[in-house]
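What follows is a single structure, written as structure tokens, with notes after it.
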Amino acid sequence: LSDDAAVFHGITDRHALCWVHDGRHYAKLSPVIGEHQRALADFRRDYWALYRQLAAYRLSPSKEERARLEAVFDQLMARRTGYNDLDARIAKTAYNRDLLLAVLETPSLPLHNNDMELAARRRVRKRDVSFGPQSRLGARAWDTFQTIAATAAKLGVRLFEYLRDRLTHPDTTPSLAERIIERSCAANLSPA
């Protein structure tokens, strides 16, 4: 899943595009004429309504719903508003149809990559505040600790208590990897 940056082109045979990144292009439009403002507002409302329908599809996919959502996408992207900047942006989104609708073929794909971006931003903020690591070893330590902190947060584990317990009672405190495996096994064994 990417924001269609050129760096991702050619890395894999197939990837999906982030709906949030695509949607941000519409938020950047700033029409002056009232009719254009309404056209943009209407389009954005319908765009995010389609996004919500795709999110629901991921939970309960079906051939019928897939066909319906493809038709909704095509109808939305066929819209012509008379606002040239909006119409050009719609054409660009329509061009990326297969990449934006990859979730219909593979419902496990996320619709956006904001979580990944937020994780990268934490690293950048740390670098900016600290003026960067002083050595390669320091950079590795940052990466390691930030990975541990992010993993603990995703697992709902309090970082300070986890580190304290791992240092003082390593034999009885499960590692984050063990917790991931445990949660994964529990998810696979539970009824759908």
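Residues in the structure tokens are named by chain (A, B, ... in the order shown) and by number from 1 within that chain; ligands are numbered from 1 in the order shown.
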request  = Give me the residues within 12 Å of Ala177 of chain A as an MDAnalysis selection string, counting only C-alpha atoms and dropping any in the same chain fewer than 2 places off.
outcome  = chainID A and resid 147:148 151:152 155 173:175 179:184
Print the selection's residues with N, CA and C atoms to a file, as a PDB file, in the first residue's frame.
ATOM      1  N   THR A 147      10.838   0.696  17.918  1.00  0.00           N
ATOM      2  CA  THR A 147      10.108  -0.498  17.498  1.00  0.00           C
ATOM      3  C   THR A 147       9.478  -1.183  18.702  1.00  0.00           C
ATOM      4  N   ILE A 148      10.229  -1.291  19.779  1.00  0.00           N
ATOM      5  CA  ILE A 148       9.695  -1.904  21.004  1.00  0.00           C
ATOM      6  C   ILE A 148       8.516  -1.085  21.526  1.00  0.00           C
ATOM      7  N   THR A 151       5.459  -1.536  19.194  1.00  0.00           N
ATOM      8  CA  THR A 151       4.889  -2.882  19.327  1.00  0.00           C
ATOM      9  C   THR A 151       4.144  -3.023  20.644  1.00  0.00           C
ATOM     10  N   ALA A 152       4.741  -2.521  21.708  1.00  0.00           N
ATOM     11  CA  ALA A 152       4.075  -2.573  23.018  1.00  0.00           C
ATOM     12  C   ALA A 152       2.743  -1.829  22.965  1.00  0.00           C
ATOM     13  N   LEU A 155       0.102  -3.772  21.235  1.00  0.00           N
ATOM     14  CA  LEU A 155      -0.348  -4.920  22.034  1.00  0.00           C
ATOM     15  C   LEU A 155      -1.074  -4.489  23.301  1.00  0.00           C
ATOM     16  N   THR A 173       8.334 -13.097  32.538  1.00  0.00           N
ATOM     17  CA  THR A 173       7.694 -12.040  31.744  1.00  0.00           C
ATOM     18  C   THR A 173       7.827 -12.390  30.267  1.00  0.00           C
ATOM     19  N   PRO A 174       6.708 -12.638  29.584  1.00  0.00           N
ATOM     20  CA  PRO A 174       6.800 -12.999  28.163  1.00  0.00           C
ATOM     21  C   PRO A 174       7.330 -11.824  27.335  1.00  0.00           C
ATOM     22  N   SER A 175       8.113 -12.162  26.324  1.00  0.00           N
ATOM     23  CA  SER A 175       8.629 -11.129  25.414  1.00  0.00           C
ATOM     24  C   SER A 175       7.486 -10.620  24.538  1.00  0.00           C
ATOM     25  N   ARG A 179       4.150 -12.585  23.055  1.00  0.00           N
ATOM     26  CA  ARG A 179       2.792 -12.035  23.159  1.00  0.00           C
ATOM     27  C   ARG A 179       2.120 -11.959  21.790  1.00  0.00           C
ATOM     28  N   ILE A 180       2.895 -11.617  20.774  1.00  0.00           N
ATOM     29  CA  ILE A 180       2.350 -11.563  19.409  1.00  0.00           C
ATOM     30  C   ILE A 180       1.905 -12.955  18.983  1.00  0.00           C
ATOM     31  N   ILE A 181       2.743 -13.952  19.218  1.00  0.00           N
ATOM     32  CA  ILE A 181       2.401 -15.328  18.852  1.00  0.00           C
ATOM     33  C   ILE A 181       1.157 -15.782  19.605  1.00  0.00           C
ATOM     34  N   GLU A 182       1.112 -15.470  20.889  1.00  0.00           N
ATOM     35  CA  GLU A 182      -0.045 -15.852  21.712  1.00  0.00           C
ATOM     36  C   GLU A 182      -1.329 -15.214  21.179  1.00  0.00           C
ATOM     37  N   ARG A 183      -1.267 -13.940  20.874  1.00  0.00           N
ATOM     38  CA  ARG A 183      -2.449 -13.242  20.353  1.00  0.00           C
ATOM     39  C   ARG A 183      -2.828 -13.788  18.981  1.00  0.00           C
ATOM     40  N   SER A 184      -1.838 -14.070  18.154  1.00  0.00           N
ATOM     41  CA  SER A 184      -2.092 -14.610  16.828  1.00  0.00           C
ATOM     42  C   SER A 184      -2.778 -15.969  16.924  1.00  0.00           C
TER      43      SER A 184
END
task = Tell me which of A:Ser62, A:Asp85, A:Thr168, A:Arg45 sits closest to Val32 of chain A, counting only C-alpha atoms.
result =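 With only C-alpha atoms as the atom set, the closest residue is A:Asp85.
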So that I can see what lies close to segment 106-109 of chain A, please list as a short mmCIF file (atom, residue, chain, number, x, y, z; two decimals) with N, CA and C atoms, in the first residue's frame the residues with an atom at most 6 Å from it, counting only C-alpha atoms and leaving out residues fewer than 2 positions away in the same chain.
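Final output, saved to out.cif:
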data_model
loop_
_atom_site.label_atom_id
_atom_site.label_comp_id
_atom_site.auth_asym_id
_atom_site.auth_seq_id
_atom_site.Cartn_x
_atom_site.Cartn_y
_atom_site.Cartn_z
N ARG A 58 -14.72 -4.91 3.36
CA ARG A 58 -13.59 -5.68 3.87
C ARG A 58 -14.04 -6.68 4.94
N VAL A 103 -8.66 -3.56 -2.97
CA VAL A 103 -9.30 -4.16 -1.78
C VAL A 103 -10.47 -5.06 -2.17
N LEU A 104 -11.08 -4.82 -3.30
CA LEU A 104 -12.21 -5.66 -3.73
C LEU A 104 -11.73 -7.06 -4.10
#
task = Using backbone DSSP assignments, extract all alpha helix (DSSP H) residues from chain A; output them as a PyMOL selection string.
result = chain A and resi 19-27+34-59+63-77+84-95+97-100+102-105+114-130+136-155+159-168+176-189
Interatomic distance (Å, one decimal) between atom CA of Arg79 of chain A and atom CA of Asp98 of chain A =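 The value is 18.0 Å.
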Coordinates-based distance that separates atom CA of Ser135 of chain A from atom CA of Arg166 of chain A (Å, one decimal) = 26.6 Å
